[in-house]
>>> print(open('model_10.pdb').read())   # PDB, C-alpha atoms
ATOM      1  CA  MET A 726      37.878 128.606  25.629
ATOM      2  CA  ALA A 727      38.037 129.525  21.895
ATOM      3  CA  ASN A 728      41.803 129.947  22.045
ATOM      4  CA  ILE A 729      42.237 126.604  23.764
ATOM      5  CA  HIS A 730      40.242 124.775  21.096
ATOM      6  CA  LYS A 731      42.172 126.553  18.337
ATOM      7  CA  THR A 732      45.533 125.545  19.835
ATOM      8  CA  ASP A 733      44.452 121.942  20.262
ATOM      9  CA  SER A 734      43.385 121.725  16.607
ATOM     10  CA  ASP A 735      46.598 123.371  15.323
ATOM     11  CA  VAL A 736      49.002 121.033  17.079
ATOM     12  CA  PRO A 737      48.617 117.991  14.755
ATOM     13  CA  LEU A 738      48.996 120.184  11.611
ATOM     14  CA  LEU A 739      52.098 121.893  13.001
ATOM     15  CA  THR A 740      53.583 118.536  13.886
ATOM     16  CA  ARG A 741      53.034 117.209  10.379
ATOM     17  CA  LEU A 742      54.608 120.321   8.832
ATOM     18  CA  VAL A 743      57.723 120.047  11.001
ATOM     19  CA  VAL A 744      58.074 116.351  10.235
ATOM     20  CA  LEU A 745      57.610 117.019   6.511
ATOM     21  CA  LEU A 746      60.263 119.761   6.541
ATOM     22  CA  LEU A 747      62.780 117.516   8.291
ATOM     23  CA  LEU A 748      61.975 114.716   5.843
ATOM     24  CA  LEU A 749      62.610 117.069   2.924
ATOM     25  CA  GLY A 750      65.786 118.240   4.628
ATOM     26  CA  GLY A 751      67.011 114.646   4.733
ATOM     27  CA  LEU A 752      66.209 114.202   1.057
ATOM     28  CA  ILE A 753      68.114 117.387   0.197
ATOM     29  CA  LEU A 754      71.155 116.197   2.175
ATOM     30  CA  VAL A 755      71.180 112.889   0.306
ATOM     31  CA  LEU A 756      70.894 114.688  -3.065
ATOM     32  CA  CYS A 757      73.659 117.125  -2.093
ATOM     33  CA  SER A 758      75.993 114.227  -1.329
ATOM     34  CA  PHE A 759      75.685 113.127  -4.962
ATOM     35  CA  LEU A 760      76.425 116.645  -6.222
ATOM     36  CA  ILE A 761      79.929 116.641  -4.769
ATOM     37  CA  PRO A 762      82.344 115.961  -7.718
ATOM     38  CA  SER A 763      83.907 112.518  -7.663
ATOM     39  CA  GLU A 764      87.439 113.946  -7.932
ATOM     40  CA  TRP A 765      86.836 115.718  -4.581
ATOM     41  CA  VAL A 766      85.833 112.528  -2.854
ATOM     42  CA  GLN A 767      89.457 111.395  -2.634
ATOM     43  CA  ARG A 768      90.427 114.614  -0.866
ATOM     44  CA  GLU A 769      89.027 116.778   1.900
ATOM     45  CA  TRP A 770      85.354 116.530   0.795
ATOM     46  CA  VAL A 771      85.035 112.804   1.407
ATOM     47  CA  THR A 772      83.992 113.311   5.051
ATOM     48  CA  LEU A 773      81.420 115.937   4.159
ATOM     49  CA  ARG A 774      79.932 113.716   1.421
ATOM     50  CA  GLU A 775      79.570 110.688   3.709
ATOM     51  CA  LEU A 776      78.235 112.777   6.580
ATOM     52  CA  SER A 777      75.662 114.442   4.328
ATOM     53  CA  ARG A 778      74.489 111.107   2.953
ATOM     54  CA  GLU A 779      74.264 109.336   6.334
ATOM     55  CA  LEU A 780      72.528 112.245   8.026
ATOM     56  CA  GLY A 781      70.061 112.519   5.147
ATOM     57  CA  VAL A 782      69.279 108.783   5.317
ATOM     58  CA  VAL A 783      68.692 109.016   9.078
ATOM     59  CA  LEU A 784      66.394 112.021   8.718
ATOM     60  CA  MET A 785      64.433 110.364   5.912
ATOM     61  CA  ALA A 786      64.071 107.094   7.802
ATOM     62  CA  VAL A 787      63.099 108.572  11.180
ATOM     63  CA  PHE A 788      60.804 111.327  10.043
ATOM     64  CA  GLY A 789      59.392 109.306   7.160
ATOM     65  CA  VAL A 790      58.141 106.724   9.666
ATOM     66  CA  SER A 791      56.954 109.546  11.916
ATOM     67  CA  LEU A 792      54.994 111.126   9.063
ATOM     68  CA  ILE A 793      53.354 107.800   8.221
ATOM     69  CA  TYR A 794      52.443 107.331  11.893
ATOM     70  CA  GLU A 795      51.055 110.864  12.253
ATOM     71  CA  THR A 796      49.081 110.586   9.022
ATOM     72  CA  LEU A 797      47.742 107.041   9.192
ATOM     73  CA  LEU A 798      48.018 105.568  12.700
ATOM     74  CA  ALA A 799      48.080 108.295  15.376
ATOM     75  CA  ARG A 800      44.391 109.179  15.241
ATOM     76  CA  ARG A 801      43.379 105.540  15.442
ATOM     77  CA  TYR A 802      45.526 104.775  18.517
ATOM     78  CA  ILE A 803      44.610 108.037  20.231
ATOM     79  CA  THR A 804      40.925 107.223  19.721
ATOM     80  CA  ILE A 805      41.405 103.764  21.256
ATOM     81  CA  PHE A 806      43.366 105.232  24.179
ATOM     82  CA  LEU A 807      40.771 107.927  24.854
ATOM     83  CA  GLU A 808      37.983 105.356  24.773
ATOM     84  CA  HIS A 809      39.716 103.213  27.417
ATOM     85  CA  LEU A 810      40.531 106.316  29.455
ATOM     86  CA  ARG A 811      36.906 107.454  29.305
ATOM     87  CA  LYS A 812      35.690 104.094  30.589
ATOM     88  CA  GLU A 813      38.156 104.132  33.494
ATOM     89  CA  VAL A 814      37.237 107.701  34.412
ATOM     90  CA  GLU A 815      33.526 106.883  34.289
ATOM     91  CA  LYS A 816      34.125 103.832  36.458
ATOM     92  CA  GLY A 817      36.015 105.912  39.039
ATOM     93  CA  GLU A 818      33.405 108.664  38.984
ATOM     94  CA  SER A 819      30.638 106.102  39.416
ATOM     95  CA  ASN A 820      32.372 104.513  42.427
ATOM     96  CA  ALA A 821      33.129 107.913  43.938
ATOM     97  CA  ALA A 822      29.526 109.036  43.462
ATOM     98  CA  THR A 823      28.223 105.839  45.085
ATOM     99  CA  CYS A 824      30.573 106.215  48.068
ATOM    100  CA  ALA A 825      29.560 109.857  48.450
ATOM    101  CA  ALA A 826      25.873 108.925  48.376
ATOM    102  CA  LEU A 827      26.395 106.248  51.037
ATOM    103  CA  GLY A 828      28.571 108.519  53.169
ATOM    104  CA  ILE A 829      31.755 106.444  52.825
ATOM    105  CA  ARG A 830      34.759 108.687  53.483
ATOM    106  CA  ARG A 831      37.654 106.235  53.297
ATOM    107  CA  ILE A 832      38.234 102.506  52.872
ATOM    108  CA  PHE A 833      41.293 100.948  54.519
ATOM    109  CA  PRO A 834      42.440  97.477  53.382
ATOM    110  CA  ARG A 835      44.337  96.874  56.652
ATOM    111  CA  ARG A 836      43.761  97.802  60.265
ATOM    112  CA  ASP A 837      47.262  99.210  60.757
ATOM    113  CA  ALA A 838      46.683 101.670  57.900
ATOM    114  CA  TYR A 839      43.496 102.853  59.600
ATOM    115  CA  GLU A 840      45.162 103.232  63.003
ATOM    116  CA  SER A 841      47.972 105.211  61.405
ATOM    117  CA  GLU A 842      45.443 107.661  59.947
ATOM    118  CA  TYR A 843      43.093 107.704  62.969
ATOM    119  CA  PRO A 844      45.204 106.966  66.083
ATOM    120  CA  PHE A 845      42.987 106.387  69.099
ATOM    121  CA  LEU A 846      45.197 108.468  71.378
ATOM    122  CA  ASP A 847      44.568 111.526  69.192
ATOM    123  CA  LEU A 848      40.828 110.833  69.082
ATOM    124  CA  ALA A 849      40.696 110.458  72.870
ATOM    125  CA  GLU A 850      42.056 113.980  73.276
ATOM    126  CA  LEU A 851      38.985 115.272  71.411
ATOM    127  CA  LEU A 852      36.577 113.451  73.727
ATOM    128  CA  VAL A 853      35.349 116.104  76.148
ATOM    129  CA  THR A 854      31.996 117.077  77.678
ATOM    130  CA  ASN A 855      29.066 116.450  75.304
ATOM    131  CA  CYS A 856      31.149 113.946  73.318
ATOM    132  CA  ASP A 857      30.253 110.268  72.907
ATOM    133  CA  LEU A 858      32.256 107.171  72.100
ATOM    134  CA  ARG A 859      30.403 103.924  71.493
ATOM    135  CA  VAL A 860      32.124 100.673  70.569
ATOM    136  CA  VAL A 861      30.135  97.506  69.859
ATOM    137  CA  GLY A 862      32.309  94.569  68.982
ATOM    138  CA  ARG A 863      33.605  91.196  69.965
ATOM    139  CA  SER A 864      36.383  91.160  72.560
ATOM    140  CA  ILE A 865      37.330  94.904  72.339
ATOM    141  CA  PHE A 866      40.703  93.673  73.615
ATOM    142  CA  LEU A 867      42.655  96.111  71.439
ATOM    143  CA  LEU A 868      40.637  99.025  72.828
ATOM    144  CA  MET A 869      41.324  97.890  76.400
ATOM    145  CA  SER A 870      45.045  98.081  75.658
ATOM    146  CA  ARG A 871      44.452 101.845  75.455
ATOM    147  CA  ALA A 872      42.729 102.141  78.827
ATOM    148  CA  THR A 873      44.875 105.149  79.750
ATOM    149  CA  ALA A 874      43.430 107.106  76.828
ATOM    150  CA  ILE A 875      39.913 106.162  77.959
ATOM    151  CA  GLN A 876      40.760 107.432  81.447
ATOM    152  CA  GLN A 877      41.772 110.768  79.945
ATOM    153  CA  ALA A 878      38.505 110.983  77.989
ATOM    154  CA  LEU A 879      36.531 110.304  81.195
ATOM    155  CA  LYS A 880      38.459 113.017  83.019
ATOM    156  CA  GLN A 881      37.475 115.414  80.247
ATOM    157  CA  GLY A 882      33.801 114.622  80.713
ATOM    158  CA  ALA A 883      33.140 112.315  77.763
ATOM    159  CA  ARG A 884      30.584 109.513  77.711
ATOM    160  CA  VAL A 885      32.111 106.122  76.830
ATOM    161  CA  GLN A 886      29.861 103.159  76.052
ATOM    162  CA  LEU A 887      31.418  99.750  75.469
ATOM    163  CA  CYS A 888      29.645  96.579  74.406
ATOM    164  CA  MET A 889      31.428  93.253  73.994
ATOM    165  CA  LEU A 890      30.666  89.566  73.588
ATOM    166  CA  SER A 891      29.607  87.912  76.798
ATOM    167  CA  PRO A 892      32.466  85.847  78.283
ATOM    168  CA  GLU A 893      29.906  83.196  79.230
ATOM    169  CA  VAL A 894      29.332  82.073  75.633
ATOM    170  CA  SER A 895      30.849  78.797  74.545
ATOM    171  CA  PRO A 896      34.264  78.758  72.810
ATOM    172  CA  GLU A 897      32.567  77.250  69.747
ATOM    173  CA  ARG A 898      30.227  80.235  69.413
ATOM    174  CA  ALA A 899      33.035  82.702  69.974
ATOM    175  CA  ALA A 900      35.095  81.004  67.269
ATOM    176  CA  LEU A 901      32.369  81.772  64.737
ATOM    177  CA  GLY A 902      33.501  85.411  64.914
ATOM    178  CA  ASP A 903      37.233  84.644  64.971
ATOM    179  CA  THR A 904      37.217  85.408  68.701
ATOM    180  CA  GLU A 905      39.006  83.616  71.508
ATOM    181  CA  ILE A 906      37.310  83.474  74.894
ATOM    182  CA  SER A 907      40.693  84.262  76.421
ATOM    183  CA  ASP A 908      40.613  87.637  74.626
ATOM    184  CA  VAL A 909      37.178  88.386  76.061
ATOM    185  CA  VAL A 910      38.227  87.384  79.572
ATOM    186  CA  ALA A 911      41.398  89.467  79.312
ATOM    187  CA  ALA A 912      39.386  92.508  78.181
ATOM    188  CA  VAL A 913      37.064  92.150  81.201
ATOM    189  CA  SER A 914      40.077  91.881  83.505
ATOM    190  CA  VAL A 915      41.688  95.018  82.067
ATOM    191  CA  PHE A 916      38.401  96.936  82.280
ATOM    192  CA  ARG A 917      38.038  95.945  85.925
ATOM    193  CA  LYS A 918      41.600  96.907  86.915
ATOM    194  CA  LYS A 919      42.298  99.917  84.685
ATOM    195  CA  LEU A 920      38.873 101.549  84.589
ATOM    196  CA  ALA A 921      36.475 100.306  87.295
ATOM    197  CA  HIS A 922      39.050 100.361  90.109
ATOM    198  CA  TRP A 923      40.500 103.632  88.828
ATOM    199  CA  ILE A 924      37.057 105.304  88.835
ATOM    200  CA  GLU A 925      36.611 104.512  92.540
ATOM    201  CA  GLY A 926      39.458 106.885  93.387
ATOM    202  CA  ALA A 927      39.480 109.323  90.471
ATOM    203  CA  LYS A 928      35.692 109.870  90.285
ATOM    204  CA  PRO A 929      35.849 111.473  86.806
ATOM    205  CA  GLN A 930      33.027 113.655  85.522
ATOM    206  CA  GLY A 931      32.627 111.497  82.428
ATOM    207  CA  GLN A 932      30.246 108.533  82.099
ATOM    208  CA  LEU A 933      31.197 104.905  81.485
ATOM    209  CA  GLU A 934      29.143 101.830  80.604
ATOM    210  CA  LEU A 935      30.009  98.206  79.861
ATOM    211  CA  ARG A 936      27.529  95.756  78.399
ATOM    212  CA  TYR A 937      27.596  92.117  77.288
ATOM    213  CA  HIS A 938      25.850  91.072  74.074
ATOM    214  CA  ASN A 939      25.193  87.575  72.718
ATOM    215  CA  VAL A 940      25.369  88.276  68.981
ATOM    216  CA  ASP A 941      27.816  86.357  66.781
ATOM    217  CA  LEU A 942      29.413  89.444  65.232
ATOM    218  CA  LEU A 943      31.989  89.378  62.468
ATOM    219  CA  ASP A 944      32.550  93.112  62.705
ATOM    220  CA  THR A 945      33.069  95.990  65.131
ATOM    221  CA  TRP A 946      31.266  99.340  65.265
ATOM    222  CA  PHE A 947      33.115 102.466  66.390
ATOM    223  CA  LEU A 948      31.059 105.658  66.742
ATOM    224  CA  PHE A 949      32.660 109.001  67.617
ATOM    225  CA  LEU A 950      30.325 111.958  68.157
ATOM    226  CA  SER A 951      31.163 115.506  69.197
ATOM    227  CA  PRO A 952      29.871 118.982  68.320
ATOM    228  CA  LYS A 953      32.895 119.584  66.057
ATOM    229  CA  HIS A 954      33.979 116.105  64.942
ATOM    230  CA  SER A 955      31.946 113.007  64.167
ATOM    231  CA  PHE A 956      32.595 109.839  62.231
ATOM    232  CA  ALA A 957      32.075 106.115  62.397
ATOM    233  CA  ALA A 958      34.342 103.174  61.615
ATOM    234  CA  TRP A 959      32.984  99.799  60.534
ATOM    235  CA  ASP A 960      35.595  97.081  60.989
ATOM    236  CA  LEU A 961      34.946  93.927  58.934
ATOM    237  CA  SER A 962      37.014  90.965  60.094
ATOM    238  CA  PHE A 963      38.056  88.074  57.861
ATOM    239  CA  GLY A 964      40.590  86.694  60.348
ATOM    240  CA  ARG A 965      42.582  87.566  63.435
ATOM    241  CA  ASP A 966      45.481  89.075  61.506
ATOM    242  CA  ILE A 967      45.336  92.868  60.984
ATOM    243  CA  ARG A 968      45.905  92.201  57.279
ATOM    244  CA  ASP A 969      42.525  90.447  57.200
ATOM    245  CA  GLN A 970      40.530  93.420  58.473
ATOM    246  CA  ARG A 971      38.868  95.945  56.151
ATOM    247  CA  ILE A 972      37.741  99.209  57.701
ATOM    248  CA  PHE A 973      35.184 101.642  56.290
ATOM    249  CA  VAL A 974      35.305 105.180  57.671
ATOM    250  CA  LEU A 975      31.796 106.596  57.397
ATOM    251  CA  ASP A 976      29.929 109.834  57.817
ATOM    252  CA  ALA A 977      27.917 109.116  60.972
ATOM    253  CA  GLU A 978      24.986 111.079  59.539
ATOM    254  CA  GLY A 979      25.250 109.581  56.040
ATOM    255  CA  SER A 980      23.006 106.916  54.558
ATOM    256  CA  MET A 981      25.149 103.927  55.470
ATOM    257  CA  GLY A 982      26.147 105.453  58.804
ATOM    258  CA  ARG A 983      22.503 105.887  59.858
ATOM    259  CA  ASP A 984      21.642 102.320  58.854
ATOM    260  CA  LEU A 985      24.528 100.847  60.843
ATOM    261  CA  ARG A 986      23.829 103.094  63.828
ATOM    262  CA  GLY A 987      20.295 101.710  63.949
ATOM    263  CA  ARG A 988      21.550  98.127  63.810
ATOM    264  CA  TYR A 989      24.154  98.565  66.541
ATOM    265  CA  ASP A 990      21.858 100.682  68.702
ATOM    266  CA  SER A 991      19.536  97.668  68.816
ATOM    267  CA  ILE A 992      22.397  95.376  69.815
ATOM    268  CA  TYR A 993      23.588  97.819  72.475
ATOM    269  CA  GLN A 994      20.163  98.451  73.988
ATOM    270  CA  GLY A 995      19.435  94.715  74.127
ATOM    271  CA  ALA A 996      22.762  93.888  75.785
ATOM    272  CA  GLN A 997      23.145  93.113  79.497
ATOM    273  CA  LEU A 998      24.284  96.109  81.561
ATOM    274  CA  ILE A 999      27.314  95.089  83.622
ATOM    275  CA  TYR A1000      28.811  98.382  84.734
ATOM    276  CA  GLN A1001      27.581 101.975  84.800
ATOM    277  CA  TRP A1002      29.178 105.151  86.166
ATOM    278  CA  ASP A1003      27.025 108.239  85.605
ATOM    279  CA  GLY A1004      29.677 110.880  86.326
ATOM    280  CA  SER A1005      29.077 111.088  90.054
ATOM    281  CA  ASN A1006      27.719 107.746  91.254
ATOM    282  CA  LEU A1007      28.240 104.056  90.561
ATOM    283  CA  ILE A1008      24.821 102.866  89.349
ATOM    284  CA  VAL A1009      25.567  99.246  88.364
ATOM    285  CA  ASN A1010      28.587  97.062  89.077
ATOM    286  CA  LYS A1011      28.281  93.361  88.271
ATOM    287  CA  LEU A1012      31.942  92.903  87.389
ATOM    288  CA  ASP A1013      32.799  90.816  90.447
ATOM    289  CA  GLU A1014      29.824  88.555  89.766
ATOM    290  CA  SER A1015      30.887  88.276  86.135
ATOM    291  CA  VAL A1016      34.465  87.377  87.069
ATOM    292  CA  GLN A1017      33.229  84.693  89.458
ATOM    293  CA  GLN A1018      31.027  83.174  86.772
ATOM    294  CA  ILE A1019      33.942  83.165  84.356
ATOM    295  CA  ALA A1020      36.092  81.398  86.944
ATOM    296  CA  LYS A1021      33.416  78.756  87.537
ATOM    297  CA  ALA A1022      33.015  78.179  83.785
ATOM    298  CA  SER A1023      36.761  77.733  83.333
ATOM    299  CA  THR A1024      36.901  75.088  86.077
TER
END
>>> encode(input="model_10.pdb", output="structure tokens")
Amino acid sequence: MANIHKTDSDVPLLTRLVVLLLLLGGLILVLCSFLIPSEWVQREWVTLRELSRELGVVLMAVFGVSLIYETLLARRYITIFLEHLRKEVEKGESNAATCAALGIRRIFPRRDAYESEYPFLDLAELLVTNCDLRVVGRSIFLLMSRATAIQQALKQGARVQLCMLSPEVSPERAALGDTEISDVVAAVSVFRKKLAHWIEGAKPQGQLELRYHNVDLLDTWFLFLSPKHSFAAWDLSFGRDIRDQRIFVLDAEGSMGRDLRGRYDSIYQGAQLIYQWDGSNLIVNKLDESVQQIAKAST
């Protein structure tokens, strides 16, 4: 550490000495140009005299300004720069410390950026026995488009718990959360065809639940728990476009993760149970009744 401090303190002095030597060199070149006899100027020495003078003027001008800067201005501007740099570093460290304390791992400004970093197909491969996936959201239509991955997770013994907005709510209420009833109805239809009907023949060892809630959510909760991997994703929606969705990836056991888990556990437990497969038997199946009610409401 002593050698480092010594080198840092010697650099400005060395710089000034080099600049001063070059400045003196320029002065010497200019003086030498005047020492060349005038009778030689008309012959072969004319080029040397002009070159010496011009080079000396350049050296004096450039390194004279540099010496003035190093002597009078450099310290002032470096001090200003370091002060601004210190403030920016402190700001970044403060934000990083706050995120670490809350258990925030990453923040994605767009949904596509999140899905590129955490593709659901890759996560589904990690869902095996003693692993849990819970999603509490609005239509969960995007998740239903990956029903094949959910099938694979159920084959591997995972427990999948899904909770979505009830399709019986009015379109006006659904619109409060930027949700279309058609999305909700489509998600129910896909669940019924791709998962419920599939389970009847496949009889996977995993567990599957579907529930309907009646909360006007503006966000979606994604909880992934396993003995080796665990995280949560909190999707805040400001519109239907993926560019209007901000996603926080959280430590499921962190401060913010625990708070949100408690909130969404309450929503999930208070939601209406529509479908339940316990790994060997079909416990609850109200999907047909739900579809009939949706059809009546649409007519």
>>> closest_residue(input="model_10.pdb", among="A:Ala921, A:Leu848, A:Ala838, A:Ala822", to="Gln1001 (chain A)", atoms="only C-alpha atoms")
A:Ala921
>>> resolve_selection(input="model_10.pdb", expression="the PyMOL selection byres ((chain A and resi 876-888) around 7)", output="PyMOL selection string")
chain A and resi 849-850+852-862+872-875+889+920+929-938+993
>>> closest_residue(input="model_10.pdb", among="A:Ser914, A:Glu808, A:Leu890, A:His954", to="Ala996 (chain A)", atoms="all atoms listed in the file")
A:Leu890
>>> axis_aligned_box(input="model_10.pdb", around="region 831-834 of chain A", padding_each_side="3 Å", output="JSON")
{"center_x": 40.0, "center_y": 101.9, "center_z": 53.7, "size_x": 10.8, "size_y": 14.8, "size_z": 7.6}
>>> atom_distance(input="model_10.pdb", atom1="CA of Glu893 (chain A)", atom2="CA of Val915 (chain A)")
16.9 Å
>>> resolve_selection(input="model_10.pdb", expression="the PyMOL selection byres ((chain A and resi 959) around 7)", output="ChimeraX atom specification")
/A:945-947,957-958,960-961,972-974
>>> closest_residue(input="model_10.pdb", among="A:Leu1007, A:Val910, A:Leu943, A:Leu752", to="Asp969 (chain A)", atoms="all atoms listed in the file")
A:Leu943
>>> build_atoms(input="model_10.pdb", residues="region 975-992 of chain A", atoms="N, CA and C atoms", output="PDB file, in the coordinates of the input")
ATOM      1  N   LEU A 975      33.084 106.128  57.888  1.00  0.00           N
ATOM      2  CA  LEU A 975      31.796 106.596  57.397  1.00  0.00           C
ATOM      3  C   LEU A 975      31.419 107.940  58.006  1.00  0.00           C
ATOM      4  N   ASP A 976      30.606 108.670  57.268  1.00  0.00           N
ATOM      5  CA  ASP A 976      29.929 109.834  57.817  1.00  0.00           C
ATOM      6  C   ASP A 976      28.816 109.313  58.732  1.00  0.00           C
ATOM      7  N   ALA A 977      28.883 109.650  60.014  1.00  0.00           N
ATOM      8  CA  ALA A 977      27.917 109.116  60.972  1.00  0.00           C
ATOM      9  C   ALA A 977      26.491 109.511  60.632  1.00  0.00           C
ATOM     10  N   GLU A 978      26.313 110.619  59.910  1.00  0.00           N
ATOM     11  CA  GLU A 978      24.986 111.079  59.539  1.00  0.00           C
ATOM     12  C   GLU A 978      24.626 110.695  58.099  1.00  0.00           C
ATOM     13  N   GLY A 979      25.517 109.995  57.410  1.00  0.00           N
ATOM     14  CA  GLY A 979      25.250 109.581  56.040  1.00  0.00           C
ATOM     15  C   GLY A 979      24.301 108.400  55.982  1.00  0.00           C
ATOM     16  N   SER A 980      23.974 107.998  54.753  1.00  0.00           N
ATOM     17  CA  SER A 980      23.006 106.916  54.558  1.00  0.00           C
ATOM     18  C   SER A 980      23.450 105.618  55.220  1.00  0.00           C
ATOM     19  N   MET A 981      24.655 105.180  54.906  1.00  0.00           N
ATOM     20  CA  MET A 981      25.149 103.927  55.470  1.00  0.00           C
ATOM     21  C   MET A 981      25.409 104.060  56.966  1.00  0.00           C
ATOM     22  N   GLY A 982      25.904 105.223  57.392  1.00  0.00           N
ATOM     23  CA  GLY A 982      26.147 105.453  58.804  1.00  0.00           C
ATOM     24  C   GLY A 982      24.871 105.361  59.625  1.00  0.00           C
ATOM     25  N   ARG A 983      23.781 105.949  59.141  1.00  0.00           N
ATOM     26  CA  ARG A 983      22.503 105.887  59.858  1.00  0.00           C
ATOM     27  C   ARG A 983      21.977 104.458  59.945  1.00  0.00           C
ATOM     28  N   ASP A 984      22.115 103.708  58.850  1.00  0.00           N
ATOM     29  CA  ASP A 984      21.642 102.320  58.854  1.00  0.00           C
ATOM     30  C   ASP A 984      22.402 101.481  59.886  1.00  0.00           C
ATOM     31  N   LEU A 985      23.722 101.627  59.905  1.00  0.00           N
ATOM     32  CA  LEU A 985      24.528 100.847  60.843  1.00  0.00           C
ATOM     33  C   LEU A 985      24.313 101.311  62.280  1.00  0.00           C
ATOM     34  N   ARG A 986      24.114 102.601  62.476  1.00  0.00           N
ATOM     35  CA  ARG A 986      23.829 103.094  63.828  1.00  0.00           C
ATOM     36  C   ARG A 986      22.553 102.460  64.359  1.00  0.00           C
ATOM     37  N   GLY A 987      21.534 102.344  63.512  1.00  0.00           N
ATOM     38  CA  GLY A 987      20.295 101.710  63.949  1.00  0.00           C
ATOM     39  C   GLY A 987      20.501 100.253  64.324  1.00  0.00           C
ATOM     40  N   ARG A 988      21.298  99.545  63.516  1.00  0.00           N
ATOM     41  CA  ARG A 988      21.550  98.127  63.810  1.00  0.00           C
ATOM     42  C   ARG A 988      22.275  97.966  65.135  1.00  0.00           C
ATOM     43  N   TYR A 989      23.348  98.742  65.334  1.00  0.00           N
ATOM     44  CA  TYR A 989      24.154  98.565  66.541  1.00  0.00           C
ATOM     45  C   TYR A 989      23.509  99.196  67.762  1.00  0.00           C
ATOM     46  N   ASP A 990      22.645 100.176  67.578  1.00  0.00           N
ATOM     47  CA  ASP A 990      21.858 100.682  68.702  1.00  0.00           C
ATOM     48  C   ASP A 990      20.976  99.570  69.263  1.00  0.00           C
ATOM     49  N   SER A 991      20.390  98.777  68.373  1.00  0.00           N
ATOM     50  CA  SER A 991      19.536  97.668  68.816  1.00  0.00           C
ATOM     51  C   SER A 991      20.345  96.640  69.601  1.00  0.00           C
ATOM     52  N   ILE A 992      21.535  96.329  69.103  1.00  0.00           N
ATOM     53  CA  ILE A 992      22.397  95.376  69.815  1.00  0.00           C
ATOM     54  C   ILE A 992      22.785  95.927  71.176  1.00  0.00           C
TER      55      ILE A 992
END
